[in-house]
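Each remark here refers to the structure printed beneath this line.
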Amino acid sequence: MEEEFEPTIIAFVCNWCTYTAADLAGTSRLTYPSNVRLIRVMCTGMVDPKYIIKALLEGADAVLVSGCHPGDCHYINGNLKARRRMRLLKEILPRFGLEPERLRLTWIGASDGIQFADTIKEMVAQIKALGPNACKQQMVI
Amino acid sequence: MTDWYQIERQGTDLLADIRQFLKSVLELESISALLVPRQLPMEKAVMPALVSRTELLDEADPLAPAFAVNSAKNLSRLTRKGLDAQIAAVLRPCEIRAHVELVKLHQSAQDPVVIIGMDCPGAFTNRDYQRYVEENPEATSEAFCKAGIAGEKPPGPASISPACQICEQPIAEGADILIGLYGVELDKALFLQARTEKGRAVMEKIGAGSAEAPKNREQAVNAQVEVRVAERDRVFSETEAAVNSIEKLSAYLAGCVNCYNCRVACPVCYCRECVFTTDVFDHDPLQYLQWTERKGALKMPTDTVFYHITRLVHMSTACVGCGQCSNACPNDIDLMALFRTVAHRTQAAFDYGAGRSIEESPPLLVFKEDEFSDIVGLGS
């Protein structure tokens with residue numbers, strides 16, 4: 001029997017909103033798939049596009065960047081800068097065959113533990129349906 | 001009164017008359033020096049030179065089909081730290097666009113420079129230029145230039161560079177003074193257009209006579225642009241097909257030896273120290289072993305595809321399409337086509353045109369609260 005494909009998702013989550021939401025999901029005993037690797041950053045505005053490119057070239061099946069809703073950023077506008085960078089990456093990476101589903105940006109506020117768990121569940125389901133990232137098989141870095 | 005001027009032709013040699021015009025600019029008290037492509041005393045090489053003595057403009061050759069460096073980088077050297085004088089610079093349209101980008105990135109200054117732009121007949125790649133001068137020792141810049149403006153193949157074996165063949169912006173729109181070559185009666189006079197107040201002041205000072213706006217110009221320019229756009233779109237779809245998977249992109253870049261010449265030659269790649277040459281990529285020896293353990297084999301030097309994608313992220317919104325990246329590649333990777341294909345999309349995504357206007361902010365320097373909501377969420 002073939003083993004079910006278990007994707008690896010790298011999630012860059014901001015300290016003030018989405019990380020706190022993940023924490024809330026945990027303390028609320030909500031469960032979500034263990035496919036996601038959370039990387040806590042102080043703000044989505046500090047997520048260098050290189051982090052995302054590197055993760056995908058190294059074989060991550062998807063990257064999620066998640067932070068505060070516009071207007072709620074602890075640093076006033078870091079999330080708005082992140083959104084511009086994601087817009088740029090979403091224009092470039094699909095040129096090289098990367099499916100747009102593998103690159104996601106969401107806003108999840110500190111009190112949205114349920115939304116965090118649901119987002120991860122849905123994203124894992126989407127990536128399972130999509131299959132593994134082509135970079136995983138190849139010698140690219 | 002129009003913004004066009006004319007200077008009667010002195011003889012039959014176009015280059016001599018353009019040199020005469022450049023001399024009259026350099027003779028102005030307000031202009032300390034002139035940056036212009038100039039024949040080197042040895043060989044038949046043409047490189048930008050900063051000229052202060054008028055008689056040395058006898059070797060100036062702005063019509064030459066040589067384009068070894070994008071001179072916007074030279075202007076950055078001359079003005080970035082603040083220049084307490086005024087200079088003039090003869091630039092190709094793509095050099096002017098790169099200059100505009102560098103000004104917006106605080107790497108160049110606009111005020112100290114009077115830009116003399118030329119309608120661009122295109123240029124050869126460095127290699128083809130060498131061949132051209134070796135095989136046609138008698139060929140003149142004027143003959144090349146006239147063929148280019150007419151949309152004909154230049155004399156000799158080579159065509160103009162691939163970047164020039166798909167350049168849809170051969171008009172020096174960002175110049176202070178434009179030397180018209182398309183759709184003007186070149187045999188009668190030099191036709192020059194003052195496109196800014198700064199340019200007008202210079203033209204008035206040298207006492208050029210005013211002229212009617214050339215009637216056939218728009219038509220001649222449009223005809224050339226139409227051909228270029230068609231060729232450009234063909235290259236775009238060919239390149240898109242050549243890189244549409246990570247496997248194909250790796251093959252496209254397979255010749256890359258991480259020399260980073262493309263970054264050095266790129267006029268808008270302005271970082272003093274590129275992250276790819278810092279300690280960040282000076283990996284620990286054990287790191288290499290770990291990678292190869294995991295993958296079985298590791299292409300070395302590493303980080304090649306990573307480097308090129310990162311450069312697309314950093315610079316494609318500022319790409320002016322000058323083609324110096326391809327010109328500098330020792331292994332003939334067609335980076336220009338890759339960059340232009342991606343840049344066309346990234347610039348459109350932000351409704352931005354590299355070098356189009358000093359007023360437009362570079363896309364990653366600004367942001368708005370209410371924009372791009374369509375890329376947020378799992379449904380997009």
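By order in the structure tokens, chains are A, B, ...; within a chain, residues start at 1; ligands start at 1, following the order shown.
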Could you build a table of the residues in chain A lying no more than 9 Å from chain B, giving for each the nearest pair of atoms and their separation in Å rounded to one decimal place, using only C-alpha atoms, ordered by chain and ascending residue number, as JSON lines?
{"residue": "A:Pro49", "atom": "CA", "partner": "B:Val313", "partner_atom": "CA", "distance": 7.6}
{"residue": "A:Lys50", "atom": "CA", "partner": "B:Thr310", "partner_atom": "CA", "distance": 6.4}
{"residue": "A:Ile53", "atom": "CA", "partner": "B:Phe306", "partner_atom": "CA", "distance": 7.0}
{"residue": "A:Lys54", "atom": "CA", "partner": "B:Phe306", "partner_atom": "CA", "distance": 6.8}
{"residue": "A:Leu57", "atom": "CA", "partner": "B:Phe306", "partner_atom": "CA", "distance": 7.4}
{"residue": "A:Pro70", "atom": "CA", "partner": "B:Glu369", "partner_atom": "CA", "distance": 6.5}
{"residue": "A:Gly71", "atom": "CA", "partner": "B:Glu369", "partner_atom": "CA", "distance": 7.6}
{"residue": "A:Asn77", "atom": "CA", "partner": "B:Glu369", "partner_atom": "CA", "distance": 8.2}
{"residue": "A:Leu80", "atom": "CA", "partner": "B:Phe367", "partner_atom": "CA", "distance": 6.2}
{"residue": "A:Lys81", "atom": "CA", "partner": "B:Phe367", "partner_atom": "CA", "distance": 6.2}
{"residue": "A:Arg83", "atom": "CA", "partner": "B:Phe372", "partner_atom": "CA", "distance": 7.5}
{"residue": "A:Arg84", "atom": "CA", "partner": "B:Leu364", "partner_atom": "CA", "distance": 6.7}
{"residue": "A:Arg85", "atom": "CA", "partner": "B:Leu364", "partner_atom": "CA", "distance": 7.2}
{"residue": "A:Met86", "atom": "CA", "partner": "B:Ile375", "partner_atom": "CA", "distance": 8.0}
{"residue": "A:Arg87", "atom": "CA", "partner": "B:Ile375", "partner_atom": "CA", "distance": 6.9}
{"residue": "A:Leu88", "atom": "CA", "partner": "B:Thr346", "partner_atom": "CA", "distance": 6.4}
{"residue": "A:Leu89", "atom": "CA", "partner": "B:Val313", "partner_atom": "CA", "distance": 7.0}
{"residue": "A:Lys90", "atom": "CA", "partner": "B:Ile375", "partner_atom": "CA", "distance": 8.3}
{"residue": "A:Glu91", "atom": "CA", "partner": "B:Thr346", "partner_atom": "CA", "distance": 6.1}
{"residue": "A:Ile92", "atom": "CA", "partner": "B:Val342", "partner_atom": "CA", "distance": 6.6}
{"residue": "A:Leu93", "atom": "CA", "partner": "B:Ile309", "partner_atom": "CA", "distance": 8.2}
{"residue": "A:Pro94", "atom": "CA", "partner": "B:Asn244", "partner_atom": "CA", "distance": 8.0}
{"residue": "A:Arg95", "atom": "CA", "partner": "B:Asn244", "partner_atom": "CA", "distance": 5.6}
{"residue": "A:Phe96", "atom": "CA", "partner": "B:Asn244", "partner_atom": "CA", "distance": 4.4}
{"residue": "A:Gly97", "atom": "CA", "partner": "B:Ser245", "partner_atom": "CA", "distance": 4.2}
{"residue": "A:Leu98", "atom": "CA", "partner": "B:Ser245", "partner_atom": "CA", "distance": 7.3}
{"residue": "A:Pro100", "atom": "CA", "partner": "B:Ser380", "partner_atom": "CA", "distance": 8.2}
{"residue": "A:Glu101", "atom": "CA", "partner": "B:Leu378", "partner_atom": "CA", "distance": 7.6}
{"residue": "A:Arg104", "atom": "CA", "partner": "B:Leu378", "partner_atom": "CA", "distance": 6.6}
{"residue": "A:Leu105", "atom": "CA", "partner": "B:Val376", "partner_atom": "CA", "distance": 5.2}
{"residue": "A:Thr106", "atom": "CA", "partner": "B:Gly377", "partner_atom": "CA", "distance": 4.9}
{"residue": "A:Trp107", "atom": "CA", "partner": "B:Val376", "partner_atom": "CA", "distance": 7.5}
{"residue": "A:Thr119", "atom": "CA", "partner": "B:Leu378", "partner_atom": "CA", "distance": 7.7}
{"residue": "A:Glu122", "atom": "CA", "partner": "B:Leu378", "partner_atom": "CA", "distance": 8.0}
{"residue": "A:Met123", "atom": "CA", "partner": "B:Leu378", "partner_atom": "CA", "distance": 7.1}
{"residue": "A:Gln126", "atom": "CA", "partner": "B:Leu378", "partner_atom": "CA", "distance": 9.0}
{"residue": "A:Ala134", "atom": "CA", "partner": "B:Ile246", "partner_atom": "CA", "distance": 7.3}
{"residue": "A:Cys135", "atom": "CA", "partner": "B:Ile246", "partner_atom": "CA", "distance": 6.8}
{"residue": "A:Lys136", "atom": "CA", "partner": "B:Lys295", "partner_atom": "CA", "distance": 8.9}
{"residue": "A:Gln137", "atom": "CA", "partner": "B:Lys295", "partner_atom": "CA", "distance": 8.4}
{"residue": "A:Gln138", "atom": "CA", "partner": "B:Glu247", "partner_atom": "CA", "distance": 7.6}
{"residue": "A:Met139", "atom": "CA", "partner": "B:Leu298", "partner_atom": "CA", "distance": 6.4}
{"residue": "A:Val140", "atom": "CA", "partner": "B:Val305", "partner_atom": "CA", "distance": 6.8}
{"residue": "A:Ile141", "atom": "CA", "partner": "B:Asp303", "partner_atom": "CA", "distance": 4.6}
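The neighbours of Phe116 (chain A) here are the residues that come within 7 Å of it, using only C-alpha atoms and leaving out any residue fewer than 6 positions away in the same chain; they are Ala21, Ala22 and Ile108 of chain A.
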At what distance in Å, to one decimal, does CA of Val90 (chain B) lie from CA of Ala109 (chain B)?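 It comes out at 15.7 Å.
The smallest atom-to-atom distance between Glu168 (chain B) and any of B:Asp61, B:Asp233, B:Asp334, B:Glu43, using only C-alpha atoms, is found for B:Asp233.
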Residues near Arg232 (chain B), anyone? I mean within 8 Å using only C-alpha atoms, not counting same-chain ones fewer than 5 positions away, as a PDB file with N, CA and C atoms, in the first residue's frame.
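Once everything was written out, this is result19.pdb:
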ATOM      1  N   GLN B 165      17.084  44.246 -30.158  1.00  0.00           N
ATOM      2  CA  GLN B 165      16.075  43.783 -31.116  1.00  0.00           C
ATOM      3  C   GLN B 165      14.664  43.770 -30.524  1.00  0.00           C
ATOM      4  N   ILE B 166      14.574  43.666 -29.193  1.00  0.00           N
ATOM      5  CA  ILE B 166      13.234  43.653 -28.589  1.00  0.00           C
ATOM      6  C   ILE B 166      12.960  44.920 -27.788  1.00  0.00           C
ATOM      7  N   CYS B 167      13.780  45.953 -28.013  1.00  0.00           N
ATOM      8  CA  CYS B 167      13.608  47.195 -27.250  1.00  0.00           C
ATOM      9  C   CYS B 167      12.494  48.033 -27.870  1.00  0.00           C
ATOM     10  N   GLU B 168      11.432  48.228 -27.113  1.00  0.00           N
ATOM     11  CA  GLU B 168      10.302  48.992 -27.626  1.00  0.00           C
ATOM     12  C   GLU B 168      10.342  50.452 -27.164  1.00  0.00           C
TER      13      GLU B 168
END
Apply DSSP to the backbone of this structure and, from region 110-261 of chain B, keep only the residues in strand (DSSP E); write these as a ChimeraX atom specification. /B:113-118,177-180,189-194,209-210
The distance between CA of Ala45 (chain B) and CA of Ala66 (chain B) is 7.8 Å
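For the pair CA of Glu273 (chain B) and CA of Ser108 (chain B), the separation is 17.4 Å.
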Check the DSSP output for the backbone and give back, as a VMD selection string, the residues of chain A in helix (DSSP H, G or I). chain A and resid 18 to 27 44 to 46 49 to 57 78 to 96 100 to 102 113 to 130 134 to 137
Skip Arg102 (chain A) itself and residues of its chain fewer than 5 positions away, then list as a list in words all residues within 8 Å of it, counting only C-alpha atoms.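 Counting only the stated atoms, we get Asp61, Ala62, Val63, Leu64 and Ile127 of chain A.
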Mind checking which residues fall within 8 Å of region 8-18 of chain B, counting only C-alpha atoms, ignoring those fewer than 5 positions away in the same chain, and posting them as JSON, numbers by chain? {"B": [58, 61, 63, 141, 142, 187, 188, 189, 190]}
Who sits within 10 Å of Val264 (chain B), only C-alpha atoms, same chain under 4 positions skipped, as a compact mmCIF listing (two decimals) with C-alpha atoms, in the first residue's frame:
# COMPACT_ATOMS: atom_id res chain seq x y z
CA CYS B 259 30.57 34.62 -11.16
CA TYR B 260 27.90 37.28 -10.51
CA VAL B 268 20.16 49.05 -11.25
CA CYS B 269 21.61 46.32 -8.98
CA TYR B 270 22.98 48.89 -6.60
CA CYS B 271 23.84 47.22 -3.28
CA CYS B 274 25.44 41.76 -2.40
CA GLN B 324 24.09 44.17 -20.03
CA CYS B 325 23.45 41.03 -17.94
CA ALA B 328 28.46 40.12 -19.24
Can you pull out the residues contacting Trp16 (chain A)? Cut-off 8 Å, using only C-alpha atoms, and skip same-chain residues under 6 positions away; I want them as a PyMOL selection string. chain A and resi 42-43+67-68+74+110
Pick out the closest residue to Ile171 (chain B) from this set: B:Asp119, B:Asp332, B:Glu226, B:Asp111. Count only C-alpha atoms. B:Asp119
